[in-house]
Each structure stands twice: as structure tokens, then as C-alpha cells.
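Scroll down for the structure; my scribbles are underneath it.
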Amino acid sequence: MSSPLVQRLRPFTETIFAEMSALASRTGAINLGQGFPDTDGPAAMLDIARMSIATGVNQYPPGPGIPALRQAISASRAADHGQQFDPDTDVLVTTGATEAIAAAMLAFVEPGDEVIALEPFYDSYQACIAMAQGVLRPVRLRQAEPGGRFALDPAELAAAVGPRTKLLLINSPHNPTGTVLEAAELQAIATLAIERDLIVVTDEVYEHLTYSGAVHTPLGTLPGMAERTVTISSAGKSFNVTGWKIGWACGPAPLVAAVRAAKQFLTYVSGAPFQPAVAHALMHEQQWVANLRSELESRRDLLCAGLSRAGFVVTRPQGTYFVVADFRPLLAPGEQLDGTAFCWSLPDRCGVVAVPQQVFYADQSAGAHLIRFAFCKQVAVIDAAVANLSRPVEGSQA
Ligand code: PMP
Ligand code: GLN
């Protein structure tokens, strides 16, 4: 039987993360592909989740999320970024940032409306825009030279906006490039959004993971932006609980009500026993997050140094927990330039799994020379990966 899957979802049958994690477990290679930490979050937060289950916090929570979590989200956005959100009307708890993004696309995008996203983009964006029958308009982040920062060209962004543009979906700190958008880039986005009266949806799941003095500024804090911005984040990356899937969307009441309308028929609610635990973490675990950030910064340096020694041209990320590496210097003469093939061969070559960056592009030839490594792993794991990578990697027979 031919596939019963609707045409618009056919390009999205399997996520690259599942494929590459399966490759790692099949081959026993070290998995620096899918970005998930290999240590737990703050102990008190874990205790509260356990205690919640033990004391009967196991039924549907309120649709928008439990009040304690909405209050904690509002308080932490105010403390961290100076944003003001009324916990009763401006905050919605979702099943991870993934659901918040999906619900936002379903809420705001009419069939044929265009959504601008920074390319390369996190894989769910393309699928969610397709589910909403929208049209993705990628605006590429570009490197001035190999190993350089991936930067936004405001002229390219402005040129992408047309009569059907409905919203800008902006991710910073940016997966996979590690770019943290800087003041001029943010201002260019804001100016355009205001001029063209666009909704802006921001994906800030790596908001706390910035390094070497890079500062994350939420777009919603720029003048004129609060009233048009839905700010999305989640607990997964900040507290090492990617499997809990507790996220949130914050913004002015009419925008949040629209996202809630879609969200309530996707999952209705989620994660009852995790919600009080995340509320605790947001209120009381800032020091734990600060430690995580500095540990990740030294792991970034370890991995970047190891990849450089192994011959890759490395982009030092300003944020997230990913490093982009250009593998062209490692290709044997005549070997095909194809990041996907290179990643499939990497376990054989040196016992490590990475993710091909090209899958994050609409035009996959664009990122064919780049692969992505995750450094949210214990130092011993990164050390072992770096030692493996330092073995010769030219040619799969090596
Ligand atoms: N956005 C980006 C940029 C991500 O890297 C991820 C993946 N972790 C998500 C959203 C999804 O977040 P969550 O696990 O909270 O759904
Ligand atoms: N965000 C993680 C990454 O980019 C994984 C997300 C997922 O597996 N869907 O690696």
C-alpha cells in the first residue's frame, strides 16, 4: 500500500535525532548527536516530582498550568529579563516548547500564510508550519568565513517579507549554529516586525546557556515588541529534564489566548507532577543553573579544542550546547561532500555520532559540509569522544 500519510507531512517521517540515537545504540558509538544531557537536574526538583506522584498529584492539572508554575514563570521572566506577564492571562504551560511552537503555528497561520524562520532551523519548525498549511520562508544565517559566527543579514531578512508574511519564528540562542543574536540583529528584526505589523514567536529554550559574556536579550523586551511577541521557553535545557516536556508560552493576553485555543485540543494539559517541581526550580535553583552554564562552557572549550585538533574547522558557539564543525579538511581526495553520509560513517571511522547540519536547511545542499556535535555530556564522555576523534578519520577504511 502506498503511504497513507498526507502529502504535506511526507518529508517528515522520521526525526534526525531518533535516527542518530538509534545509530549510536546499534554501533555502541559515543552519542554526541541528539542534544540531551547525561546527568540529572537539581535534586530538590527531582524530589518534588517524586513526592508529587506519591501524594496524588496525578490527575489533569488546570488547562493553562498550575497557578504556582504560572506565577514562577512570570516571576522568573521578570527577574531574568524584566518582562512583565500576568500569570493569570499572559502565561500558558505547554508540553515542552515543541507544543508551544506547534500551537502557535496552528493558532496564527492561515493556509498559505508565510512564516519566516532563521535557517538552519530546529527540525520541528518545518513540520509544524506544514501542519498549519503555512509556507516556510527561510532566512539563512551565514558565515563570513569557515569557522566564523553564523550571522543574520538584515537586508536578507527584509527581502524575505512579503504580502503573505504572517509571523517571524525566531530562535536565539540558536540551534544548531550556537549564535546568540546581537543587538543590531535583534533591532533589525524588531524594526521590521513593527513596520510590517507581524507577530513574532521566539524560541528561547537555551536562554540560560550562553558563554564568554554573550548576553541573551529576549526580542519581547525591545521597544514596541511586547504587544506582538509570544515568548517560548521550557524546563528541559535549563534544568536537565528534556524528558519532562514542561514548556511555556508568554505574551499579551490575546496572543496567549489564541495559542491556548490550539493547545487545549492538542494535549489539553500535561505533566501534573512535574509542574510543581519546575515551579520550585524556577524560583530556587538559579545557582544550579549558573553552575550548569559554567560547566557547559568548559565542556564547549574541551570539545572545540578536540575537534580542532582532529582537523575540523570549528565554530565556537556563543550559546546552546552544540558545536558546528566543517569536516571538509578531513575528506579523502575524491570523497563526496555529504554531511549525512559522513555522519553515517562516523561510528565506523571513530566511534562517535554527530548530526548532519544539512537536515536543518530547506535547501539541504546548503549545509552539506557541516555537522553538529552536542557537548551536554559528562567530561569523561567528551574526553573519550575527543580521543576517538583524534584517531585518523580520513576515509571509512582508516
Ligand atoms: N526549540 C529548540 C531550538 C530546541 O533545540 C528544542 C529541543 N530541545 C526545542 C525547541 C524543544 O524543546 P522541548 O523539549 O521543551 O519541547
Ligand atoms: N533539541 C535536541 C537537539 O536539537 C533534541 C530534540 C529532539 O530529539 N527532538 O538535539
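By convention here, the chains of the C-alpha cells are called A, B, ... in the order presented, each chain's residues are numbered starting at 1, and ligands are numbered starting at 1 in the order presented.
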
Enumerate as an MDAnalysis selection string the residues within 8 Å of ligand 2, counting only C-alpha atoms and all ligand atoms. chainID A and resid 15:18 33:36 122:124 175:176 374

Check every protein, DNA and RNA residue against ligand 1, keep those with an atom at most 9 Å away (counting only C-alpha atoms and all ligand atoms), and present them as a PyMOL selection string. chain A and resi 34-36+94-101+121-125+171-176+203-206+232-237+241-248+320

Can you spit out the residues from that selection as a PDB file, in the first residue's frame, using C-alpha atoms?
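Once everything was written out, this is selection30.pdb:
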ATOM      1  CA  GLN A  34      20.839  14.214  19.881  1.00  0.00           C
ATOM      2  CA  GLY A  35      21.064  17.013  22.419  1.00  0.00           C
ATOM      3  CA  PHE A  36      20.131  15.570  25.782  1.00  0.00           C
ATOM      4  CA  THR A  94       2.646  23.560  27.409  1.00  0.00           C
ATOM      5  CA  THR A  95       4.005  20.101  26.665  1.00  0.00           C
ATOM      6  CA  GLY A  96       7.528  21.334  26.083  1.00  0.00           C
ATOM      7  CA  ALA A  97       8.477  24.207  23.843  1.00  0.00           C
ATOM      8  CA  THR A  98       7.668  21.875  20.948  1.00  0.00           C
ATOM      9  CA  GLU A  99       3.953  22.001  21.700  1.00  0.00           C
ATOM     10  CA  ALA A 100       4.035  25.749  22.292  1.00  0.00           C
ATOM     11  CA  ILE A 101       5.573  26.222  18.833  1.00  0.00           C
ATOM     12  CA  PHE A 121      16.290  25.715  11.850  1.00  0.00           C
ATOM     13  CA  TYR A 122      15.255  23.246  14.513  1.00  0.00           C
ATOM     14  CA  ASP A 123      13.537  20.386  12.716  1.00  0.00           C
ATOM     15  CA  SER A 124      10.072  20.767  14.234  1.00  0.00           C
ATOM     16  CA  TYR A 125       9.593  24.232  12.689  1.00  0.00           C
ATOM     17  CA  ASN A 171      15.273  31.110  17.781  1.00  0.00           C
ATOM     18  CA  SER A 172      18.059  32.578  19.920  1.00  0.00           C
ATOM     19  CA  PRO A 173      20.311  31.191  21.363  1.00  0.00           C
ATOM     20  CA  HIS A 174      20.170  29.359  18.081  1.00  0.00           C
ATOM     21  CA  ASN A 175      20.182  25.616  17.493  1.00  0.00           C
ATOM     22  CA  PRO A 176      22.194  24.352  15.610  1.00  0.00           C
ATOM     23  CA  ASP A 203      12.063  30.117  20.861  1.00  0.00           C
ATOM     24  CA  GLU A 204      14.309  30.774  23.849  1.00  0.00           C
ATOM     25  CA  VAL A 205      14.839  27.257  25.214  1.00  0.00           C
ATOM     26  CA  TYR A 206      18.595  27.919  25.543  1.00  0.00           C
ATOM     27  CA  ILE A 232       8.501  30.452  24.376  1.00  0.00           C
ATOM     28  CA  SER A 233      10.863  28.538  26.626  1.00  0.00           C
ATOM     29  CA  SER A 234      10.958  25.312  28.604  1.00  0.00           C
ATOM     30  CA  ALA A 235      12.455  23.476  31.558  1.00  0.00           C
ATOM     31  CA  GLY A 236      14.252  20.822  29.502  1.00  0.00           C
ATOM     32  CA  LYS A 237      17.519  22.617  28.775  1.00  0.00           C
ATOM     33  CA  VAL A 241      14.928  17.410  32.223  1.00  0.00           C
ATOM     34  CA  THR A 242      14.377  17.120  28.481  1.00  0.00           C
ATOM     35  CA  GLY A 243      12.082  14.139  29.073  1.00  0.00           C
ATOM     36  CA  TRP A 244       9.636  16.019  31.308  1.00  0.00           C
ATOM     37  CA  LYS A 245       8.313  18.168  28.465  1.00  0.00           C
ATOM     38  CA  ILE A 246       7.234  21.160  30.506  1.00  0.00           C
ATOM     39  CA  GLY A 247       7.347  24.333  28.442  1.00  0.00           C
ATOM     40  CA  TRP A 248       5.575  27.672  28.323  1.00  0.00           C
ATOM     41  CA  THR A 320      23.239  26.375  23.313  1.00  0.00           C
TER      42      THR A 320
END

Which residues of stretch 64-179 of chain A come within 7 Å of stretch 281-291 of chain A, and what is each one's closest atom pair and distance in Å (one decimal), counting only C-alpha atoms, sorted by chain and residue number, as JSON lines?
{"residue": "A:Ala72", "atom": "CA", "partner": "A:Leu282", "partner_atom": "CA", "distance": 6.0}
{"residue": "A:Ile73", "atom": "CA", "partner": "A:Leu282", "partner_atom": "CA", "distance": 6.9}
{"residue": "A:Ser76", "atom": "CA", "partner": "A:Leu282", "partner_atom": "CA", "distance": 6.3}

How would the residues just chosen look if you wrote them out with N, CA and C atoms as a PDB file, in the first residue's frame?
ATOM      1  N   ALA A  72       5.572  31.255  38.933  1.00  0.00           N
ATOM      2  CA  ALA A  72       7.043  31.120  38.899  1.00  0.00           C
ATOM      3  C   ALA A  72       7.589  31.530  37.535  1.00  0.00           C
ATOM      4  N   ILE A  73       6.891  31.179  36.458  1.00  0.00           N
ATOM      5  CA  ILE A  73       7.336  31.581  35.113  1.00  0.00           C
ATOM      6  C   ILE A  73       7.329  33.105  35.011  1.00  0.00           C
ATOM      7  N   SER A  76      10.124  34.585  37.130  1.00  0.00           N
ATOM      8  CA  SER A  76      11.480  34.387  36.617  1.00  0.00           C
ATOM      9  C   SER A  76      11.706  35.211  35.345  1.00  0.00           C
TER      10      SER A  76
END

As a PyMOL selection string, please: the residues near A:Gly319 (cut-off 8 Å, only C-alpha atoms, same-chain neighbours under 5 positions excluded). chain A and resi 173-174+178-180+206+209-211+214

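For the pair atom CA of A:Ala272 and atom CA of A:Val57, the interatomic distance is 6.2 Å.
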
Tell me, as a PyMOL selection string, which residues lie within 9 Å of A:Ala158, counting only C-alpha atoms; anything in the same chain fewer than 4 positions away does not count. chain A and resi 153-154+162+188-189+192

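If you measure from each of A:Gly41, A:Val324, A:Val359, A:Ala68 to A:Phe12 using only C-alpha atoms, the closest one turns out to be A:Val359.
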
Nearest to A:Arg293, chosen from A:Ala29, A:Cys376, A:Leu330, A:Ala325, with only C-alpha atoms counted in the distances: A:Cys376

Fewer than 4 positions away in the same chain doesn't count, so skip those; otherwise give me all residues within 12 Å of A:Leu346, counting only C-alpha atoms, as a ChimeraX atom specification. /A:20,23-24,27-33,327,330-331,339-342,350-356,371,373,385,388-389,391-398

Point-to-point distance in Å for atom CA of A:Leu118 and atom CA of A:Val6: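 Straight-line distance from atom CA of A:Val6 to atom CA of A:Leu118 works out to 25.8 Å.
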
Per residue of stretch 219-325 of chain A within 9 Å of stretch 47-51 of chain A, which atom pair is closest and at what distance in Å (one decimal), using only C-alpha atoms, listed by chain and increasing number, as JSON lines?
{"residue": "A:Pro273", "atom": "CA", "partner": "A:Ala49", "partner_atom": "CA", "distance": 5.4}
{"residue": "A:Phe274", "atom": "CA", "partner": "A:Ala49", "partner_atom": "CA", "distance": 5.3}
{"residue": "A:Gln275", "atom": "CA", "partner": "A:Ala49", "partner_atom": "CA", "distance": 8.0}
{"residue": "A:Pro276", "atom": "CA", "partner": "A:Ile48", "partner_atom": "CA", "distance": 7.0}
{"residue": "A:Ala277", "atom": "CA", "partner": "A:Ile48", "partner_atom": "CA", "distance": 5.1}
{"residue": "A:Val278", "atom": "CA", "partner": "A:Ala49", "partner_atom": "CA", "distance": 8.5}
{"residue": "A:His280", "atom": "CA", "partner": "A:Ile48", "partner_atom": "CA", "distance": 8.1}

Using DSSP secondary structure from the backbone, list all helix (DSSP H, G or I) positions within stretch 71-285 of chain A, as a ChimeraX atom specification. /A:71-81,96-108,123-131,154-160,183-195,219-221,226-228,235-238,253-263,274-284

Within 8 Å of A:Arg149, counting only C-alpha atoms, which residues qualify if same-chain residues fewer than 6 places away don't, as a short mmCIF file (atom, residue, chain, number, x, y, z; two decimals) with C-alpha atoms, in the first residue's frame?
data_model
loop_
_atom_site.label_atom_id
_atom_site.label_comp_id
_atom_site.auth_asym_id
_atom_site.auth_seq_id
_atom_site.Cartn_x
_atom_site.Cartn_y
_atom_site.Cartn_z
CA ARG A 142 25.70 32.96 7.11
CA GLN A 143 29.36 32.61 7.99
CA THR A 179 24.61 32.02 17.53
CA THR A 315 32.56 27.42 15.03
CA ARG A 316 32.81 28.36 18.69
CA PRO A 317 29.19 28.68 19.86
#

Residues of stretch 285-371 of chain A in strand (DSSP E), written as a list in words: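 Strand (DSSP E) members of stretch 285-371 of chain A, listed: Val313, Val314, Thr315, Phe322, Val323, Val324, Ala325, Asp326, Val352, Val353, Val355, Pro356, Leu370 and Ile371 of chain A.
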
Contacts of stretch 129-138 of chain A at 9 Å (only C-alpha atoms; same-chain gap of 2+ positions) as a ChimeraX atom specification: /A:8-9,102,105-121,124-127,140,157,160-161,165,361-362

Using only C-alpha atoms, tabulate the residues of stretch 83-178 of chain A lying at most 9 Å from any atom of stretch 300-314 of chain A, each with its closest atom pair and that distance in Å to one decimal, by chain and increasing residue number, as JSON lines.
{"residue": "A:Pro146", "atom": "CA", "partner": "A:Val313", "partner_atom": "CA", "distance": 6.7}
{"residue": "A:Gly147", "atom": "CA", "partner": "A:Val314", "partner_atom": "CA", "distance": 5.0}
{"residue": "A:Gly148", "atom": "CA", "partner": "A:Val314", "partner_atom": "CA", "distance": 8.3}

Those same residues, written as a compact mmCIF listing (two decimals), in the first residue's frame with N, CA, C and O atoms?
# COMPACT_ATOMS: atom_id res chain seq x y z
N PRO A 146 34.89 30.15 6.92
CA PRO A 146 34.73 28.88 7.64
C PRO A 146 35.12 29.06 9.11
O PRO A 146 36.13 29.70 9.42
N GLY A 147 34.30 28.56 10.01
CA GLY A 147 34.57 28.70 11.44
C GLY A 147 34.03 29.99 12.02
O GLY A 147 34.06 30.19 13.23
N GLY A 148 33.52 30.90 11.16
CA GLY A 148 33.01 32.18 11.67
C GLY A 148 31.63 32.04 12.30
O GLY A 148 30.98 31.01 12.18
